[in-house]
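The structure appears right after this line, and notes come after that.
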Amino acid sequence: MKLKALVFPCVGVTLLSFGAAAVADQITYNTFMPPLATEATQAQEFFEQLSEETGGKLTGQVFVGGQMLGGQATLGGIRDGVVDGGFIVPTLNSSEIPHVAMLPELLPFADDFWAAAGATNQTMMLDCDECIADLDSQNAVWLGGHAASPWYLMCASPVESFDDLSGRKIRVTGGFATRMIDALGGVAVSLPASEVGPALQQGQVDCAVGNLAWLDTLGLVDSVESIVDQPFGSYHGLGEFIFNKDSIASLSDDEREQMMSLIPERIALITKKYADQEKAARQSAEEKGIAFWTPDEAFNTAMEEFRAGELEAVASDIISQGGSENAKEIVQAHIDALERWKGLVQDVKGDPEAFADLLEQEVFTKAVQ
């Protein structure tokens with residue numbers, strides 16, 4: 001099923017009253033991430049660029065920090081026309097979009113976040129009809145998404161051995177992360193990214209899993225004392241450009257084309273931003289005196305045992321959430337996409353212009369044929 005036929009129906013569209021009014025001049029967009037988070041700043045820049053490209057005919061109003069909708073509520077808000085679009089973390093809505101939620105659940109197998117960004121969009125826009133149908137059931141459509149730089153384990157007190165993790169309350173999101181923390185001897189606590197900083201400061205959690213950029217963008221640098229210096233993998237399948245289908249259908253052909261033409265570039269800029277932030281955050285941590293602990297054999301053994309059962313576990317999660325009985329094949333197809341993109345990105349990593357061209361060539365051009 002091709003994107004143009006799915007996203008841009010010309011007939012039979014009943015516009016939602018809020019969405020129809022909003023997109024005539026302005027697209028309303030929600031992100032629950034704090035104002036300085038990459039997803040929030042890049043959304044602002046995207047709509048500024050869109051306004052410039054359309055001569056001010058199509059603009060955006062971005063609500064940040066959950067001032068309009070929280071993380072779990074964003075998808076429903078898009079569905080109901082409360083906003084025209086927004087940023088979603090699929091695992092926060094796994095019961096509504098179980099196949100889409102598969103992507104971030106495969107973090108332990110995404111060891112290259114440039115490749116994960118490419119594979120995210122290949123799976124969502126070309127390979128996974130079930131994923132498209134998930135969003136279709138929510139009156140929503142995927143126009144582009146990204147991957148974050150790798151997750152690390154960051155703790156408010158020293159970690160000097162695997163045993164130090166035993167019993168620690170560790171912030172996670174997603175079923176895979178709960179299983180991972182269990183395998184490491186910790187106690188998983190589910191929290192969205194926006195709540196990690198206060199939770200660490202107030203002692204609600206002892207540690208958090210997330211990317212190093214959060215040290216700066218979420219202010220964790222003042223709470224973290226120790227970091228386990230081994231990346232878990234990239235949290236990917238993040239829906240930066242999720243829109244109400246009726247809102248998108250109400251745009252003119254030219255407006256849709258102008259909007260879509262900017263998305264590959266923005267995904268590439270988000271990816272480069274994460275790369276730059278990871279490097280800067282590591283430097284900030286070192287300057288702050290945060291200790292980086294190199295995992296011991298016990299830690300590595302626990303992680304190997306955890307990964308060994310994860311593909312089966314993720315497939316089971318899809319089925320338990322009401323997804324396809326063909327879940328194993330869907331999971332394997334995304335693993336194959338991750339491997340494919342590891343080869344594709346070797347010559348473009350670090351170069352957002354070249355990466356945008358690759359995304360356009362390998363995904364976006366094909367998706368609208």
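Each chain in the structure tokens gets a letter, A, B and so on, in the order shown; residues start at 1 in every chain, and ligands are counted from 1 in the order they appear.
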
Using only C-alpha atoms, determine which residues lie at most 10 Å from Gln138 (chain A), disregarding the query and same-chain residues fewer than 3 positions distant; provide the list as a compact mmCIF listing (two decimals) with N, CA and C atoms, in the first residue's frame.
```
# COMPACT_ATOMS: atom_id res chain seq x y z
N LEU A 75 -1.41 10.78 20.82
CA LEU A 75 -1.99 10.04 19.71
C LEU A 75 -3.50 10.21 19.65
N GLY A 76 -4.16 10.11 20.80
CA GLY A 76 -5.61 10.32 20.84
C GLY A 76 -5.98 11.74 20.45
N GLY A 77 -5.15 12.69 20.83
CA GLY A 77 -5.41 14.08 20.47
C GLY A 77 -5.32 14.30 18.97
N ILE A 78 -4.36 13.63 18.34
CA ILE A 78 -4.25 13.68 16.88
C ILE A 78 -5.47 13.01 16.25
N ARG A 79 -5.83 11.86 16.75
CA ARG A 79 -6.99 11.12 16.23
C ARG A 79 -8.26 11.97 16.28
N ASP A 80 -8.47 12.66 17.40
CA ASP A 80 -9.71 13.39 17.62
C ASP A 80 -9.67 14.82 17.08
N GLU A 96 -2.87 0.52 21.35
CA GLU A 96 -3.54 1.06 20.16
C GLU A 96 -2.75 0.79 18.89
N ILE A 97 -1.42 0.81 18.98
CA ILE A 97 -0.58 0.65 17.79
C ILE A 97 0.52 -0.39 18.07
N ALA A 133 -1.67 0.27 9.11
CA ALA A 133 -3.05 0.05 9.54
C ALA A 133 -3.26 0.46 10.99
N ASP A 134 -2.25 0.25 11.84
CA ASP A 134 -2.34 0.70 13.23
C ASP A 134 -2.69 2.18 13.30
N LEU A 135 -1.92 2.99 12.58
CA LEU A 135 -2.14 4.43 12.61
C LEU A 135 -3.43 4.81 11.90
N VAL A 141 -1.52 9.32 10.34
CA VAL A 141 -0.60 8.85 9.32
C VAL A 141 0.83 9.23 9.70
N ASN A 244 -2.99 13.97 11.77
CA ASN A 244 -4.37 13.60 11.53
C ASN A 244 -4.59 13.50 10.03
N LYS A 245 -5.18 12.39 9.57
CA LYS A 245 -5.34 12.17 8.14
C LYS A 245 -6.23 13.23 7.49
```

Between A:Ala40, A:Val209, A:Val331, A:Ile88, which is the closest to Pro231 (chain A) once you count only C-alpha atoms?
A:Val209

Give me the residues near Glu286 (chain A) as an MDAnalysis selection string, where near means some atom within 12 Å (using only C-alpha atoms) and where sequence neighbours in that chain fewer than 3 positions away do not count.
chainID A and resid 212 215 221 224:227 279:283 289:292

Find the residues near Lys169 (chain A): any atom within 12 Å, counting only C-alpha atoms, skip ones fewer than 6 places away on the same chain, and give them as a PyMOL selection string.
chain A and resi 153-157+178+181-182+184-191+199-200+203-209

Dump as an mmCIF file, in the first residue's frame, selection limited to N, CA, C and O atoms:
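So the final result, stored in out39.cif, reads:
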```
data_model
loop_
_atom_site.group_PDB
_atom_site.id
_atom_site.type_symbol
_atom_site.label_atom_id
_atom_site.label_comp_id
_atom_site.auth_asym_id
_atom_site.auth_seq_id
_atom_site.Cartn_x
_atom_site.Cartn_y
_atom_site.Cartn_z
ATOM 1 N N LEU A 153 22.881 3.708 30.815
ATOM 2 C CA LEU A 153 22.343 3.645 32.171
ATOM 3 C C LEU A 153 23.048 4.710 33.002
ATOM 4 O O LEU A 153 24.270 4.687 33.170
ATOM 5 N N MET A 154 22.259 5.665 33.517
ATOM 6 C CA MET A 154 22.796 6.797 34.262
ATOM 7 C C MET A 154 22.228 6.769 35.679
ATOM 8 O O MET A 154 21.008 6.690 35.859
ATOM 9 N N CYS A 155 23.108 6.844 36.675
ATOM 10 C CA CYS A 155 22.684 6.660 38.069
ATOM 11 C C CYS A 155 23.079 7.839 38.955
ATOM 12 O O CYS A 155 24.093 8.502 38.713
ATOM 13 N N ALA A 156 22.274 8.039 39.993
ATOM 14 C CA ALA A 156 22.493 9.149 40.922
ATOM 15 C C ALA A 156 23.519 8.820 41.999
ATOM 16 O O ALA A 156 23.888 9.693 42.788
ATOM 17 N N SER A 157 23.982 7.580 42.058
ATOM 18 C CA SER A 157 25.025 7.178 43.002
ATOM 19 C C SER A 157 25.996 6.252 42.272
ATOM 20 O O SER A 157 25.676 5.717 41.207
ATOM 21 N N THR A 178 11.762 -3.071 30.561
ATOM 22 C CA THR A 178 11.420 -3.708 31.835
ATOM 23 C C THR A 178 12.123 -5.053 31.954
ATOM 24 O O THR A 178 12.701 -5.381 33.003
ATOM 25 N N ILE A 181 15.950 -4.439 32.516
ATOM 26 C CA ILE A 181 16.306 -4.044 33.877
ATOM 27 C C ILE A 181 16.142 -5.214 34.837
ATOM 28 O O ILE A 181 16.951 -5.394 35.762
ATOM 29 N N ASP A 182 15.122 -6.024 34.626
ATOM 30 C CA ASP A 182 14.965 -7.234 35.438
ATOM 31 C C ASP A 182 16.201 -8.129 35.297
ATOM 32 O O ASP A 182 16.706 -8.675 36.295
ATOM 33 N N LEU A 184 19.142 -7.243 34.692
ATOM 34 C CA LEU A 184 20.293 -6.608 35.347
ATOM 35 C C LEU A 184 20.136 -6.538 36.865
ATOM 36 O O LEU A 184 21.005 -6.007 37.552
ATOM 37 N N GLY A 185 19.017 -7.048 37.379
ATOM 38 C CA GLY A 185 18.814 -7.079 38.826
ATOM 39 C C GLY A 185 18.165 -5.845 39.404
ATOM 40 O O GLY A 185 18.015 -5.732 40.628
ATOM 41 N N GLY A 186 17.762 -4.901 38.537
ATOM 42 C CA GLY A 186 17.124 -3.689 39.021
ATOM 43 C C GLY A 186 15.616 -3.827 39.089
ATOM 44 O O GLY A 186 15.042 -4.869 38.759
ATOM 45 N N VAL A 187 14.976 -2.745 39.504
ATOM 46 C CA VAL A 187 13.517 -2.684 39.586
ATOM 47 C C VAL A 187 13.045 -1.628 38.593
ATOM 48 O O VAL A 187 13.362 -0.441 38.736
ATOM 49 N N ALA A 188 12.329 -2.055 37.569
ATOM 50 C CA ALA A 188 11.904 -1.145 36.513
ATOM 51 C C ALA A 188 10.783 -0.225 36.983
ATOM 52 O O ALA A 188 9.819 -0.669 37.600
ATOM 53 N N VAL A 189 10.914 1.068 36.669
ATOM 54 C CA VAL A 189 9.887 2.071 36.968
ATOM 55 C C VAL A 189 9.567 2.787 35.661
ATOM 56 O O VAL A 189 10.443 3.414 35.062
ATOM 57 N N SER A 190 8.336 2.690 35.210
ATOM 58 C CA SER A 190 7.958 3.282 33.930
ATOM 59 C C SER A 190 7.673 4.769 34.082
ATOM 60 O O SER A 190 6.812 5.174 34.868
ATOM 61 N N LEU A 191 8.434 5.588 33.324
ATOM 62 C CA LEU A 191 8.255 7.039 33.341
ATOM 63 C C LEU A 191 8.557 7.588 31.959
ATOM 64 O O LEU A 191 9.500 7.119 31.293
ATOM 65 N N ALA A 199 12.309 13.004 38.860
ATOM 66 C CA ALA A 199 12.300 11.702 39.539
ATOM 67 C C ALA A 199 13.662 11.381 40.138
ATOM 68 O O ALA A 199 13.762 10.855 41.251
ATOM 69 N N LEU A 200 14.738 11.703 39.425
ATOM 70 C CA LEU A 200 16.083 11.482 39.954
ATOM 71 C C LEU A 200 16.362 12.425 41.125
ATOM 72 O O LEU A 200 16.921 12.022 42.144
ATOM 73 N N GLY A 203 14.476 11.321 44.249
ATOM 74 C CA GLY A 203 14.716 9.972 44.722
ATOM 75 C C GLY A 203 13.641 8.966 44.374
ATOM 76 O O GLY A 203 13.618 7.865 44.927
ATOM 77 N N GLN A 204 12.749 9.334 43.455
ATOM 78 C CA GLN A 204 11.739 8.364 43.014
ATOM 79 C C GLN A 204 12.384 7.216 42.249
ATOM 80 O O GLN A 204 11.874 6.096 42.260
ATOM 81 N N VAL A 205 13.472 7.521 41.556
ATOM 82 C CA VAL A 205 14.271 6.494 40.885
ATOM 83 C C VAL A 205 15.732 6.713 41.236
ATOM 84 O O VAL A 205 16.147 7.828 41.564
ATOM 85 N N ASP A 206 16.499 5.626 41.173
ATOM 86 C CA ASP A 206 17.934 5.704 41.456
ATOM 87 C C ASP A 206 18.752 5.909 40.186
ATOM 88 O O ASP A 206 19.849 6.472 40.236
ATOM 89 N N CYS A 207 18.219 5.431 39.082
ATOM 90 C CA CYS A 207 18.906 5.496 37.802
ATOM 91 C C CYS A 207 17.878 5.697 36.701
ATOM 92 O O CYS A 207 16.667 5.546 36.925
ATOM 93 N N ALA A 208 18.372 6.007 35.516
ATOM 94 C CA ALA A 208 17.493 6.127 34.353
ATOM 95 C C ALA A 208 18.222 5.614 33.130
ATOM 96 O O ALA A 208 19.447 5.770 33.012
ATOM 97 N N VAL A 209 17.485 5.005 32.234
ATOM 98 C CA VAL A 209 18.048 4.672 30.927
ATOM 99 C C VAL A 209 17.580 5.723 29.936
ATOM 100 O O VAL A 209 16.410 6.127 29.919
#
```

Show me, as JSON lines, the residues of region 178-248 of chain A having an atom within 12 Å of region 258-264 of chain A, each with the closest atom pair and its distance in Å, using only C-alpha atoms.
```
{"residue": "A:Gly239", "atom": "CA", "partner": "A:Ile263", "partner_atom": "CA", "distance": 11.9}
{"residue": "A:Glu240", "atom": "CA", "partner": "A:Ile263", "partner_atom": "CA", "distance": 9.6}
{"residue": "A:Phe241", "atom": "CA", "partner": "A:Ile263", "partner_atom": "CA", "distance": 8.1}
{"residue": "A:Ile242", "atom": "CA", "partner": "A:Ile263", "partner_atom": "CA", "distance": 11.5}
{"residue": "A:Phe243", "atom": "CA", "partner": "A:Met259", "partner_atom": "CA", "distance": 11.9}
{"residue": "A:Ile248", "atom": "CA", "partner": "A:Met259", "partner_atom": "CA", "distance": 9.9}
```

DSSP strand (DSSP E) selection over region 33-274 of chain A, as a count of residues only:
44

Please provide the set of residues having any atom within 8 Å of region 58-60 of chain A, restricted to only C-alpha atoms, with same-chain residues fewer than 3 positions apart removed, written as a PyMOL selection string.
chain A and resi 23-29+47-48+50-51+54-55+255

Fewer than 5 positions away in the same chain doesn't count, so skip those; otherwise give me all residues within 10 Å of Glu297 (chain A), counting only C-alpha atoms, as a short mmCIF file (atom, residue, chain, number, x, y, z; two decimals) with N, CA, C and O atoms, in the first residue's frame.
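Dumped to selection-v2.cif:
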```cif
data_model
loop_
_atom_site.label_atom_id
_atom_site.label_comp_id
_atom_site.auth_asym_id
_atom_site.auth_seq_id
_atom_site.Cartn_x
_atom_site.Cartn_y
_atom_site.Cartn_z
N SER A 161 30.29 -2.06 40.22
CA SER A 161 30.21 -3.48 39.90
C SER A 161 28.79 -3.81 39.50
O SER A 161 27.85 -3.04 39.77
N PHE A 162 28.60 -4.95 38.87
CA PHE A 162 27.27 -5.41 38.47
C PHE A 162 26.36 -5.52 39.69
O PHE A 162 25.17 -5.17 39.62
N ALA A 302 24.83 -11.01 31.63
CA ALA A 302 23.41 -10.77 31.83
C ALA A 302 22.77 -10.16 30.59
O ALA A 302 21.65 -10.52 30.20
N MET A 303 23.50 -9.25 29.94
CA MET A 303 22.96 -8.64 28.73
C MET A 303 22.88 -9.64 27.58
O MET A 303 21.91 -9.63 26.80
#
```

Set the distance at 8 Å and use only C-alpha atoms: which residues neighbour region 349-358 of chain A once local chain neighbours fewer than 2 positions away are removed? I'd like the list as an NGL selection string.
:A and (114 or 264-269 or 271-272 or 275 or 345-347 or 360-362)

So that I have them on file, write out the residues from the current selection with all heavy atoms, as a short mmCIF file (atom, residue, chain, number, x, y, z; two decimals), in the first residue's frame.
```
data_model
loop_
_atom_site.label_atom_id
_atom_site.label_comp_id
_atom_site.auth_asym_id
_atom_site.auth_seq_id
_atom_site.Cartn_x
_atom_site.Cartn_y
_atom_site.Cartn_z
N TRP A 114 22.14 6.04 13.11
CA TRP A 114 21.91 6.54 11.75
C TRP A 114 21.15 5.47 10.95
O TRP A 114 20.19 5.77 10.24
CB TRP A 114 23.23 6.89 11.08
CG TRP A 114 23.92 8.09 11.66
CD1 TRP A 114 24.72 8.13 12.76
CD2 TRP A 114 23.84 9.43 11.18
NE1 TRP A 114 25.15 9.40 13.00
CE2 TRP A 114 24.64 10.23 12.04
CE3 TRP A 114 23.20 10.05 10.11
CZ2 TRP A 114 24.80 11.60 11.85
CZ3 TRP A 114 23.35 11.42 9.91
CH2 TRP A 114 24.14 12.18 10.78
N PRO A 264 12.58 14.69 4.97
CA PRO A 264 13.85 13.95 5.01
C PRO A 264 15.01 14.79 5.54
O PRO A 264 15.83 14.31 6.33
CB PRO A 264 14.07 13.56 3.54
CG PRO A 264 12.70 13.52 2.96
CD PRO A 264 11.94 14.62 3.63
N GLU A 265 15.06 16.05 5.13
CA GLU A 265 16.11 16.94 5.63
C GLU A 265 16.00 17.11 7.15
O GLU A 265 17.02 17.08 7.86
CB GLU A 265 16.00 18.30 4.96
CG GLU A 265 16.99 19.34 5.50
CD GLU A 265 16.73 20.74 4.97
OE1 GLU A 265 15.80 20.91 4.14
OE2 GLU A 265 17.45 21.65 5.40
N ARG A 266 14.78 17.24 7.66
CA ARG A 266 14.62 17.45 9.09
C ARG A 266 15.00 16.20 9.88
O ARG A 266 15.60 16.28 10.95
CB ARG A 266 13.18 17.86 9.39
CG ARG A 266 12.93 18.31 10.82
CD ARG A 266 13.86 19.43 11.26
NE ARG A 266 13.87 20.56 10.34
CZ ARG A 266 14.63 21.63 10.50
NH1 ARG A 266 15.45 21.73 11.53
NH2 ARG A 266 14.60 22.62 9.61
N ILE A 267 14.66 15.02 9.36
CA ILE A 267 15.07 13.77 10.01
C ILE A 267 16.59 13.69 10.08
O ILE A 267 17.16 13.31 11.10
CB ILE A 267 14.49 12.55 9.27
CG1 ILE A 267 12.97 12.52 9.40
CG2 ILE A 267 15.10 11.26 9.79
CD1 ILE A 267 12.31 11.51 8.49
N ALA A 268 17.24 14.07 8.99
CA ALA A 268 18.71 14.06 8.96
C ALA A 268 19.29 15.04 9.97
O ALA A 268 20.28 14.74 10.65
CB ALA A 268 19.20 14.38 7.55
N LEU A 269 18.68 16.22 10.09
CA LEU A 269 19.16 17.22 11.04
C LEU A 269 18.95 16.75 12.48
O LEU A 269 19.78 17.01 13.35
CB LEU A 269 18.46 18.55 10.80
CG LEU A 269 18.86 19.28 9.51
CD1 LEU A 269 17.94 20.47 9.27
CD2 LEU A 269 20.31 19.73 9.55
N THR A 271 18.99 13.65 13.45
CA THR A 271 20.00 12.60 13.67
C THR A 271 21.36 13.23 13.95
O THR A 271 22.07 12.81 14.88
CB THR A 271 20.08 11.68 12.44
OG1 THR A 271 18.76 11.23 12.09
CG2 THR A 271 20.94 10.46 12.73
N LYS A 272 21.73 14.23 13.17
CA LYS A 272 23.01 14.91 13.39
C LYS A 272 23.01 15.63 14.73
O LYS A 272 24.02 15.65 15.45
CB LYS A 272 23.26 15.92 12.27
CG LYS A 272 24.58 16.69 12.38
CD LYS A 272 25.78 15.77 12.30
CE LYS A 272 27.08 16.51 12.01
NZ LYS A 272 27.43 17.52 13.00
N ALA A 275 23.78 13.20 17.41
CA ALA A 275 25.20 12.84 17.38
C ALA A 275 26.04 13.92 18.05
O ALA A 275 26.93 13.63 18.85
CB ALA A 275 25.65 12.62 15.94
N VAL A 345 24.37 3.48 5.33
CA VAL A 345 24.77 4.75 5.95
C VAL A 345 26.27 4.89 6.15
O VAL A 345 26.73 5.94 6.60
CB VAL A 345 24.07 4.95 7.32
CG1 VAL A 345 22.56 4.94 7.17
CG2 VAL A 345 24.52 3.91 8.34
N GLN A 346 27.04 3.88 5.81
CA GLN A 346 28.47 3.93 6.12
C GLN A 346 29.18 5.16 5.56
O GLN A 346 30.08 5.71 6.18
CB GLN A 346 29.16 2.65 5.63
CG GLN A 346 28.83 1.42 6.44
CD GLN A 346 29.06 1.63 7.93
OE1 GLN A 346 30.17 2.00 8.35
NE2 GLN A 346 28.02 1.41 8.73
N ASP A 347 28.75 5.60 4.38
CA ASP A 347 29.43 6.74 3.74
C ASP A 347 28.74 8.08 3.99
O ASP A 347 29.19 9.11 3.48
CB ASP A 347 29.54 6.50 2.23
CG ASP A 347 30.43 5.31 1.90
OD1 ASP A 347 31.37 5.04 2.66
OD2 ASP A 347 30.17 4.65 0.87
N GLU A 360 15.57 10.23 1.03
CA GLU A 360 14.70 10.57 -0.09
C GLU A 360 14.72 9.47 -1.14
O GLU A 360 13.68 9.01 -1.62
CB GLU A 360 15.16 11.90 -0.70
CG GLU A 360 14.30 12.39 -1.85
CD GLU A 360 12.98 12.98 -1.39
OE1 GLU A 360 12.92 13.53 -0.29
OE2 GLU A 360 12.00 12.86 -2.16
N GLN A 361 15.92 9.01 -1.47
CA GLN A 361 16.08 8.02 -2.52
C GLN A 361 15.53 6.65 -2.13
O GLN A 361 14.84 5.99 -2.92
CB GLN A 361 17.57 7.90 -2.85
CG GLN A 361 17.93 6.77 -3.81
CD GLN A 361 19.44 6.61 -3.93
OE1 GLN A 361 20.18 7.60 -3.86
NE2 GLN A 361 19.91 5.40 -4.13
N GLU A 362 15.83 6.22 -0.91
CA GLU A 362 15.51 4.86 -0.50
C GLU A 362 14.10 4.69 0.09
O GLU A 362 13.59 3.58 0.13
CB GLU A 362 16.54 4.38 0.53
CG GLU A 362 17.94 4.22 -0.02
CD GLU A 362 18.04 3.09 -1.04
OE1 GLU A 362 17.25 2.13 -0.95
OE2 GLU A 362 18.91 3.19 -1.94
#
```
